[in-house]
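Since the structure comes first, as structure tokens, the remarks are kept for the end.
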Amino acid sequence: MKTPQEPRAQEERREFREEAESLFRITFAPVIWAAHFLLCYCTLAVVCAKGGDPDFWRTALVGLTLVALLAITWTGWRAWRQWDAHNTGDYANARGEDEDRHQFLGQAALLLAIISAIGVIYTALPLVLVEGCR
Amino acid sequence: MRGFRHTVTLAGGLVGSGLMSGCTGQQSALIPRGEDAAVQSTLFFVMLVGAVVLWLMLNGLFFYLTRVRPGAVPQRLANGMIIIGGLVVPAVLIGALLAWGLSILPDQQRSGDGLTIRVTGEQWWWRVEYWPEGAEAPIVSANEIRMPVGERVEFALGAKRVIHSFWIPALGGKMDMFPGRDTRVSLKATEPGVYRGQCAEFCGASHAWMAFAAEAMPPADFAAWLDHEASAAVAPSTPDAVAGAEIFAREGCGACHTVRGTDHIGQVGPDLTHVGARHTLGAGRLGATLEDFAAWISHTDELKPEVEMPAYGHLPEEEHRLLAAYLKGLQ
Ligand SMILES: [Cu+2]
């Protein structure tokens, strides 16, 4: 009774370990978005209140925006591979098995990456379009 | 009873004039009379059109799929609608509106053409100081703003005890006023006229009664008005006004009010040196007729809850009339 279950349990544990890891991973993109948002607002608030060259900081933050977008693209790309819908032909992952969970989390992470990228771009628009400290 | 009827008539008149001002655009951000307000109303109408178009498209699609052609939609079409209609189109449209809105956003703190007006929010009135370019001392006034048309005027804003907000919708955006901190906004009127400003941050019992008239005048008229505003009060010229001035002194009104050129140098309430020439009384609470003056002095606390001026209803009616004659004479 015991022996056949042993490998299965181990496998489950492996899966859970990975799931624990990727649950964490789906928050990457939103966290980057939040950090980018805070950095942009706080930096400019401090620069505008305490004095400093707003144009220099605007350029620096545009650079930061590009880095953030690269990082989000990378997370998105990994999520796309994890979802693996093209290979499996399974977009919805409706069955509740480990593999489905795994792939579904990939899909969720991909969608979060897309919305985070849009969020980062919208946050950065005022940097480009509004001059100085208004 | 008489007092009450009086108040009701006054209130009726105010509601009436309030409704009318809705039509004439005295206080409408959508009928702009200033450069900044014009940008804002353009922004509003474009956003409105964008929202209406999106609303019609979405609901049209909904109507089509549920009423005109109900039934299952092919998977590919459904996916396409979600991705294109639910993601790409809104993201691009909102992005475009955001970019356009940011690109035309007026700089609220653009520097002015010379004149700075310092306005301090009090309970529940406005202390006003005019600082022409290079001035060393201000020209003090209250409860009214006058500004030259076609010139950008800077407003330096502050507050005495609680937060207020300075807003002349017909001319531009609003700006909060904080105790112990300066905020700035600059406005440029493009058409002469009398507009209405309103405190836009809840500040206590009489917050809703904290308004003011803002008159945009041709520059020459404004210069003449400012010269006159800087002068001392005229001496009372009629027997009624002379008697009123005596009551003013006897009742100690000067402990709170300044009338420049006299011994009255109180700083608690609004400067009354030229109160007779104002458009309104009690920060937009009443008009400025002789009857309004008498009503203000006798029913102050009924007109403005928790007002920081004692009512002088105990004085005989005749004395209200004389005080009104004196104050109205302070042109
Ligand atoms: Cu107020």
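Ligands are numbered from 1 in the order shown, chains are lettered A, B, ... in the order of the structure tokens, and residues start at 1 in each chain.
Using only C-alpha atoms, the part of chain A that sits within 10 Å of chain B is made up of Ile114, Ile115, Ile118, Gly119, Ile121, Tyr122, Leu125, Pro126, Leu127, Val128, Leu129, Val130, Glu131, Gly132, Cys133 and Arg134 of chain A.
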Keeping only all heavy atoms, write those residues as a short mmCIF file (atom, residue, chain, number, x, y, z; two decimals), in the first residue's frame.
```cif
data_model
loop_
_atom_site.label_atom_id
_atom_site.label_comp_id
_atom_site.auth_asym_id
_atom_site.auth_seq_id
_atom_site.Cartn_x
_atom_site.Cartn_y
_atom_site.Cartn_z
N ILE A 114 1.37 41.75 -19.29
CA ILE A 114 0.86 42.69 -20.30
C ILE A 114 0.30 43.94 -19.63
O ILE A 114 0.63 45.07 -19.99
CB ILE A 114 -0.22 42.00 -21.16
CG1 ILE A 114 0.43 40.90 -22.03
CG2 ILE A 114 -0.92 43.01 -22.06
CD1 ILE A 114 -0.57 40.06 -22.78
N ILE A 115 -0.54 43.72 -18.60
CA ILE A 115 -1.15 44.89 -17.97
C ILE A 115 -0.10 45.73 -17.25
O ILE A 115 -0.16 46.96 -17.24
CB ILE A 115 -2.31 44.50 -17.04
CG1 ILE A 115 -3.19 45.73 -16.81
CG2 ILE A 115 -1.84 43.95 -15.73
CD1 ILE A 115 -4.58 45.43 -16.54
N ILE A 118 1.58 47.94 -19.81
CA ILE A 118 0.74 49.10 -20.14
C ILE A 118 0.80 50.12 -19.01
O ILE A 118 0.95 51.33 -19.24
CB ILE A 118 -0.72 48.65 -20.39
CG1 ILE A 118 -0.79 47.74 -21.62
CG2 ILE A 118 -1.63 49.85 -20.59
CD1 ILE A 118 -2.16 47.13 -21.87
N GLY A 119 0.73 49.62 -17.77
CA GLY A 119 0.80 50.52 -16.62
C GLY A 119 2.09 51.31 -16.59
O GLY A 119 2.10 52.52 -16.37
N ILE A 121 4.03 52.04 -19.10
CA ILE A 121 4.05 53.02 -20.20
C ILE A 121 3.20 54.24 -19.84
O ILE A 121 3.62 55.39 -20.02
CB ILE A 121 3.55 52.37 -21.50
CG1 ILE A 121 4.57 51.32 -21.98
CG2 ILE A 121 3.35 53.42 -22.59
CD1 ILE A 121 4.07 50.47 -23.12
N TYR A 122 2.00 54.01 -19.29
CA TYR A 122 1.14 55.15 -18.91
C TYR A 122 1.81 56.00 -17.83
O TYR A 122 1.74 57.21 -17.84
CB TYR A 122 -0.22 54.65 -18.41
CG TYR A 122 -1.18 54.21 -19.49
CD1 TYR A 122 -0.79 54.17 -20.83
CD2 TYR A 122 -2.48 53.85 -19.18
CE1 TYR A 122 -1.67 53.75 -21.81
CE2 TYR A 122 -3.37 53.44 -20.16
CZ TYR A 122 -2.96 53.38 -21.48
OH TYR A 122 -3.83 52.99 -22.44
N LEU A 125 4.37 58.26 -19.42
CA LEU A 125 3.96 59.31 -20.38
C LEU A 125 4.17 60.73 -19.85
O LEU A 125 4.71 61.57 -20.57
CB LEU A 125 2.49 59.11 -20.78
CG LEU A 125 2.27 58.15 -21.96
CD1 LEU A 125 0.78 58.00 -22.23
CD2 LEU A 125 2.97 58.66 -23.21
N PRO A 126 3.76 61.03 -18.61
CA PRO A 126 3.99 62.40 -18.11
C PRO A 126 5.47 62.77 -18.10
O PRO A 126 5.82 63.93 -18.30
CB PRO A 126 3.44 62.37 -16.68
CG PRO A 126 2.52 61.22 -16.64
CD PRO A 126 3.00 60.23 -17.64
N LEU A 127 6.35 61.79 -17.88
CA LEU A 127 7.79 62.07 -17.89
C LEU A 127 8.19 62.67 -19.23
O LEU A 127 8.99 63.59 -19.32
CB LEU A 127 8.57 60.77 -17.70
CG LEU A 127 8.67 60.18 -16.32
CD1 LEU A 127 9.40 58.85 -16.39
CD2 LEU A 127 9.42 61.14 -15.42
N VAL A 128 7.62 62.09 -20.28
CA VAL A 128 8.01 62.52 -21.62
C VAL A 128 7.28 63.81 -22.01
O VAL A 128 7.86 64.71 -22.62
CB VAL A 128 7.68 61.40 -22.64
CG1 VAL A 128 8.16 61.78 -24.03
CG2 VAL A 128 8.32 60.10 -22.19
N LEU A 129 5.99 63.90 -21.62
CA LEU A 129 5.16 64.97 -22.17
C LEU A 129 5.10 66.22 -21.32
O LEU A 129 4.82 67.30 -21.82
CB LEU A 129 3.73 64.44 -22.39
CG LEU A 129 3.64 63.43 -23.53
CD1 LEU A 129 2.29 62.74 -23.51
CD2 LEU A 129 3.85 64.12 -24.87
N VAL A 130 5.31 66.08 -20.01
CA VAL A 130 5.20 67.27 -19.16
C VAL A 130 6.60 67.74 -18.81
O VAL A 130 7.41 66.98 -18.30
CB VAL A 130 4.42 66.94 -17.88
CG1 VAL A 130 4.33 68.17 -17.00
CG2 VAL A 130 3.04 66.45 -18.24
N GLU A 131 6.87 69.00 -19.14
CA GLU A 131 8.22 69.50 -18.88
C GLU A 131 8.33 70.07 -17.48
O GLU A 131 7.39 70.67 -16.98
CB GLU A 131 8.57 70.59 -19.89
CG GLU A 131 8.77 70.06 -21.29
CD GLU A 131 8.46 71.11 -22.33
OE1 GLU A 131 8.62 72.30 -22.02
OE2 GLU A 131 8.03 70.73 -23.43
N GLY A 132 9.49 69.95 -16.90
CA GLY A 132 9.78 70.60 -15.62
C GLY A 132 8.88 70.13 -14.51
O GLY A 132 8.29 69.06 -14.56
N CYS A 133 8.75 70.96 -13.48
CA CYS A 133 7.99 70.60 -12.28
C CYS A 133 6.65 71.30 -12.29
O CYS A 133 6.53 72.41 -11.80
CB CYS A 133 8.76 71.00 -11.03
SG CYS A 133 10.30 70.11 -10.86
N ARG A 134 5.65 70.71 -12.85
CA ARG A 134 4.36 71.38 -12.84
C ARG A 134 3.49 70.88 -11.73
O ARG A 134 3.39 69.70 -11.55
CB ARG A 134 3.64 71.12 -14.15
CG ARG A 134 4.30 71.81 -15.27
CD ARG A 134 3.28 72.06 -16.32
NE ARG A 134 3.86 72.38 -17.58
CZ ARG A 134 3.19 72.27 -18.71
NH1 ARG A 134 1.97 71.83 -18.70
NH2 ARG A 134 3.76 72.61 -19.83
#
```
Could you give me, as an mmCIF file with C-alpha atoms, in the first residue's frame, every polymer residue with an atom at most 9 Å away from an atom of ligand 1, counting only C-alpha atoms and all ligand atoms?
```cif
data_model
loop_
_atom_site.group_PDB
_atom_site.id
_atom_site.type_symbol
_atom_site.label_atom_id
_atom_site.label_comp_id
_atom_site.auth_asym_id
_atom_site.auth_seq_id
_atom_site.Cartn_x
_atom_site.Cartn_y
_atom_site.Cartn_z
ATOM 1 C CA GLY B 121 -8.762 81.911 3.418
ATOM 2 C CA GLU B 122 -10.357 82.916 6.743
ATOM 3 C CA GLN B 123 -13.520 81.707 8.545
ATOM 4 C CA TRP B 124 -15.464 82.311 6.168
ATOM 5 C CA TRP B 125 -14.102 85.109 4.092
ATOM 6 C CA TRP B 126 -11.146 86.048 1.909
ATOM 7 C CA ALA B 159 -5.074 80.012 4.904
ATOM 8 C CA VAL B 162 -8.117 75.308 8.172
ATOM 9 C CA ILE B 163 -7.751 74.247 4.558
ATOM 10 C CA HIS B 164 -9.783 76.149 1.958
ATOM 11 C CA SER B 165 -9.677 76.032 -1.814
ATOM 12 C CA PHE B 166 -9.618 78.890 -4.272
ATOM 13 C CA MET B 177 -5.064 76.891 0.459
ATOM 14 C CA GLN B 198 -16.300 79.616 -4.457
ATOM 15 C CA CYS B 199 -14.409 77.928 -1.654
ATOM 16 C CA ALA B 200 -14.062 74.361 -2.879
ATOM 17 C CA GLU B 201 -12.773 72.596 0.210
ATOM 18 C CA PHE B 202 -15.106 71.978 3.128
ATOM 19 C CA CYS B 203 -14.014 74.369 5.863
ATOM 20 C CA GLY B 204 -16.778 74.423 8.470
ATOM 21 C CA SER B 206 -20.444 78.360 6.584
ATOM 22 C CA HIS B 207 -18.292 76.765 3.917
ATOM 23 C CA ALA B 208 -21.109 76.944 1.366
ATOM 24 C CA TRP B 209 -21.434 80.680 2.047
ATOM 25 C CA MET B 210 -17.790 81.350 1.331
ATOM 26 C CA ALA B 211 -17.779 82.776 -2.167
#
```
Inset, instruction - Could you check how far CA of Ser41 in chain B sits from CA of Thr183 in chain B, in Å to one decimal? - result: 23.4 Å
Inset, instruction - Skip Leu157 in chain B itself and residues of its chain fewer than 4 positions away, then list as a ChimeraX atom specification all residues within 6 Å of it, counting only C-alpha atoms. - result: /B:118-120,177,182-184
Suppose we keep C-alpha atoms; can you now write the selection as an mmCIF file, in the first residue's frame?
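Final output, saved to result_31.cif:
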```cif
data_model
loop_
_atom_site.group_PDB
_atom_site.id
_atom_site.type_symbol
_atom_site.label_atom_id
_atom_site.label_comp_id
_atom_site.auth_asym_id
_atom_site.auth_seq_id
_atom_site.Cartn_x
_atom_site.Cartn_y
_atom_site.Cartn_z
ATOM 1 C CA ARG B 118 -2.285 87.241 -2.211
ATOM 2 C CA VAL B 119 -5.465 85.623 -0.962
ATOM 3 C CA THR B 120 -5.837 84.145 2.526
ATOM 4 C CA MET B 177 -5.064 76.891 0.459
ATOM 5 C CA ASP B 182 2.061 78.887 0.201
ATOM 6 C CA THR B 183 0.445 77.558 -2.923
ATOM 7 C CA ARG B 184 0.297 79.323 -6.259
#
```
Inset, instruction - May I ask for the distance between CA of Gly282 in chain B and CA of Arg152 in chain B, given in Å to one decimal place? - result: 27.4 Å
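The shortest atom-to-atom distance to Leu44 in chain A, with only C-alpha atoms taken into account, belongs to A:Thr59 out of A:Ile32, A:His86, A:Ala68, A:Thr59.
Our summary of the geometry notes that CA of Gly287 in chain B is positioned 17.9 Å from CA of Pro305 in chain B.
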Inset, instruction - Check the smallest atom-to-atom distance from each of A:Trp57, A:Trp83, A:Phe37, A:Tyr91 to Thr123 in chain A using only C-alpha atoms, then report the winner. - result: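 Looking at the shortest contact to Thr123 in chain A, the residue is A:Phe37.
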Inset, instruction - May I have the residues within 8 Å of Thr65 in chain A as a list in words, using only C-alpha atoms and disregarding those fewer than 6 positions away in the same chain? - result: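 So the residues in contact are His36, Val120, Ile121 and Ala124 of chain A.
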Any chance you can output those residues with N, CA and C atoms as an mmCIF file, in the first residue's frame?
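Listed below is the output, result23.cif:
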```
data_model
loop_
_atom_site.group_PDB
_atom_site.id
_atom_site.type_symbol
_atom_site.label_atom_id
_atom_site.label_comp_id
_atom_site.auth_asym_id
_atom_site.auth_seq_id
_atom_site.Cartn_x
_atom_site.Cartn_y
_atom_site.Cartn_z
ATOM 1 N N HIS A 36 8.391 50.874 -10.130
ATOM 2 C CA HIS A 36 8.640 51.909 -11.129
ATOM 3 C C HIS A 36 7.784 53.143 -10.832
ATOM 4 N N VAL A 120 3.202 50.637 -16.855
ATOM 5 C CA VAL A 120 4.499 51.319 -16.830
ATOM 6 C C VAL A 120 4.556 52.382 -17.930
ATOM 7 N N ILE A 121 4.027 52.042 -19.100
ATOM 8 C CA ILE A 121 4.055 53.018 -20.201
ATOM 9 C C ILE A 121 3.204 54.240 -19.843
ATOM 10 N N ALA A 124 4.884 56.438 -17.452
ATOM 11 C CA ALA A 124 6.032 57.157 -17.999
ATOM 12 C C ALA A 124 5.620 58.292 -18.935
#
```
Legend entry - Contact residues around Leu323 in chain B with only C-alpha atoms at 10 Å, ignoring same-chain residues under 4 positions, as number ranges by chain: B: 240-248, 290, 293-294, 297, 317-319, 327-329
Inset, instruction - Report as a ChimeraX atom specification: the residues of range 50-182 of chain B with a DSSP assignment of helix (DSSP H, G or I), based on the backbone of this structure. - result: /B:50-68,75-104
Can you tell me which residues surround range 135-147 of chain B at a distance of at most 7 Å, considering only C-alpha atoms, apart from same-chain residues fewer than 3 positions away, and format the answer as a CSV table (one decimal) with C-alpha atoms, in the first residue's frame?
```
chain,number,residue,atom,x,y,z
B,125,TRP,CA,-14.1,85.1,4.1
B,126,TRP,CA,-11.1,86.0,1.9
B,127,ARG,CA,-8.4,88.4,2.9
B,128,VAL,CA,-7.0,89.9,-0.3
B,129,GLU,CA,-3.8,91.8,-0.9
B,130,TYR,CA,-2.7,93.3,-4.3
B,131,TRP,CA,1.0,93.4,-4.9
B,132,PRO,CA,1.7,95.2,-8.2
B,212,PHE,CA,-16.6,85.9,-3.9
B,213,ALA,CA,-17.0,88.0,-7.0
B,214,ALA,CA,-14.1,88.1,-9.5
B,215,GLU,CA,-14.3,90.9,-11.9
B,216,ALA,CA,-12.1,91.0,-15.0
B,217,MET,CA,-11.7,94.6,-16.2
B,222,PHE,CA,-8.3,98.1,-13.5
B,230,ALA,CA,-5.1,102.1,-2.5
B,270,PRO,CA,-12.5,92.2,6.3
B,271,ASP,CA,-11.0,95.6,5.5
B,283,ALA,CA,-18.2,86.8,1.0
```
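Within the 9 Å cut-off around Thr73 in chain A, using only C-alpha atoms and omitting residues fewer than 4 positions from it on the same chain, the listed residues are A:Ala29, A:Ala68, A:Leu69, A:Trp77, A:Arg78, A:Ala113, A:Ile114, A:Ala117.
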Write the residues you've just listed into a file as a PDB file, in the first residue's frame, and include N, CA and C atoms for each of them.
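The resulting file, selection11.pdb, is shown below:
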```
ATOM      1  N   ALA A  29       5.878  40.920 -12.358  1.00  0.00           N
ATOM      2  CA  ALA A  29       5.564  42.059 -13.230  1.00  0.00           C
ATOM      3  C   ALA A  29       4.837  43.182 -12.468  1.00  0.00           C
ATOM      4  N   ALA A  68      12.665  48.682 -16.778  1.00  0.00           N
ATOM      5  CA  ALA A  68      11.466  48.030 -16.229  1.00  0.00           C
ATOM      6  C   ALA A  68      10.728  47.273 -17.324  1.00  0.00           C
ATOM      7  N   LEU A  69      10.611  47.887 -18.502  1.00  0.00           N
ATOM      8  CA  LEU A  69       9.898  47.229 -19.590  1.00  0.00           C
ATOM      9  C   LEU A  69      10.638  45.969 -20.041  1.00  0.00           C
ATOM     10  N   TRP A  77       7.826  36.656 -21.234  1.00  0.00           N
ATOM     11  CA  TRP A  77       8.324  35.606 -22.126  1.00  0.00           C
ATOM     12  C   TRP A  77       8.399  34.264 -21.405  1.00  0.00           C
ATOM     13  N   ARG A  78       8.901  34.289 -20.169  1.00  0.00           N
ATOM     14  CA  ARG A  78       8.950  33.053 -19.386  1.00  0.00           C
ATOM     15  C   ARG A  78       7.547  32.523 -19.128  1.00  0.00           C
ATOM     16  N   ALA A 113       1.756  40.432 -16.879  1.00  0.00           N
ATOM     17  CA  ALA A 113       2.898  41.122 -17.490  1.00  0.00           C
ATOM     18  C   ALA A 113       2.401  42.142 -18.514  1.00  0.00           C
ATOM     19  N   ILE A 114       1.375  41.753 -19.290  1.00  0.00           N
ATOM     20  CA  ILE A 114       0.861  42.689 -20.303  1.00  0.00           C
ATOM     21  C   ILE A 114       0.300  43.936 -19.634  1.00  0.00           C
ATOM     22  N   ALA A 117       2.989  46.111 -18.225  1.00  0.00           N
ATOM     23  CA  ALA A 117       3.715  46.869 -19.247  1.00  0.00           C
ATOM     24  C   ALA A 117       2.904  48.110 -19.624  1.00  0.00           C
TER      25      ALA A 117
END
```
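The closest residue to Val268 in chain B, picked from B:Ala288, B:Ile82, B:Gly254, B:Met57 and counting only C-alpha atoms, is B:Gly254.
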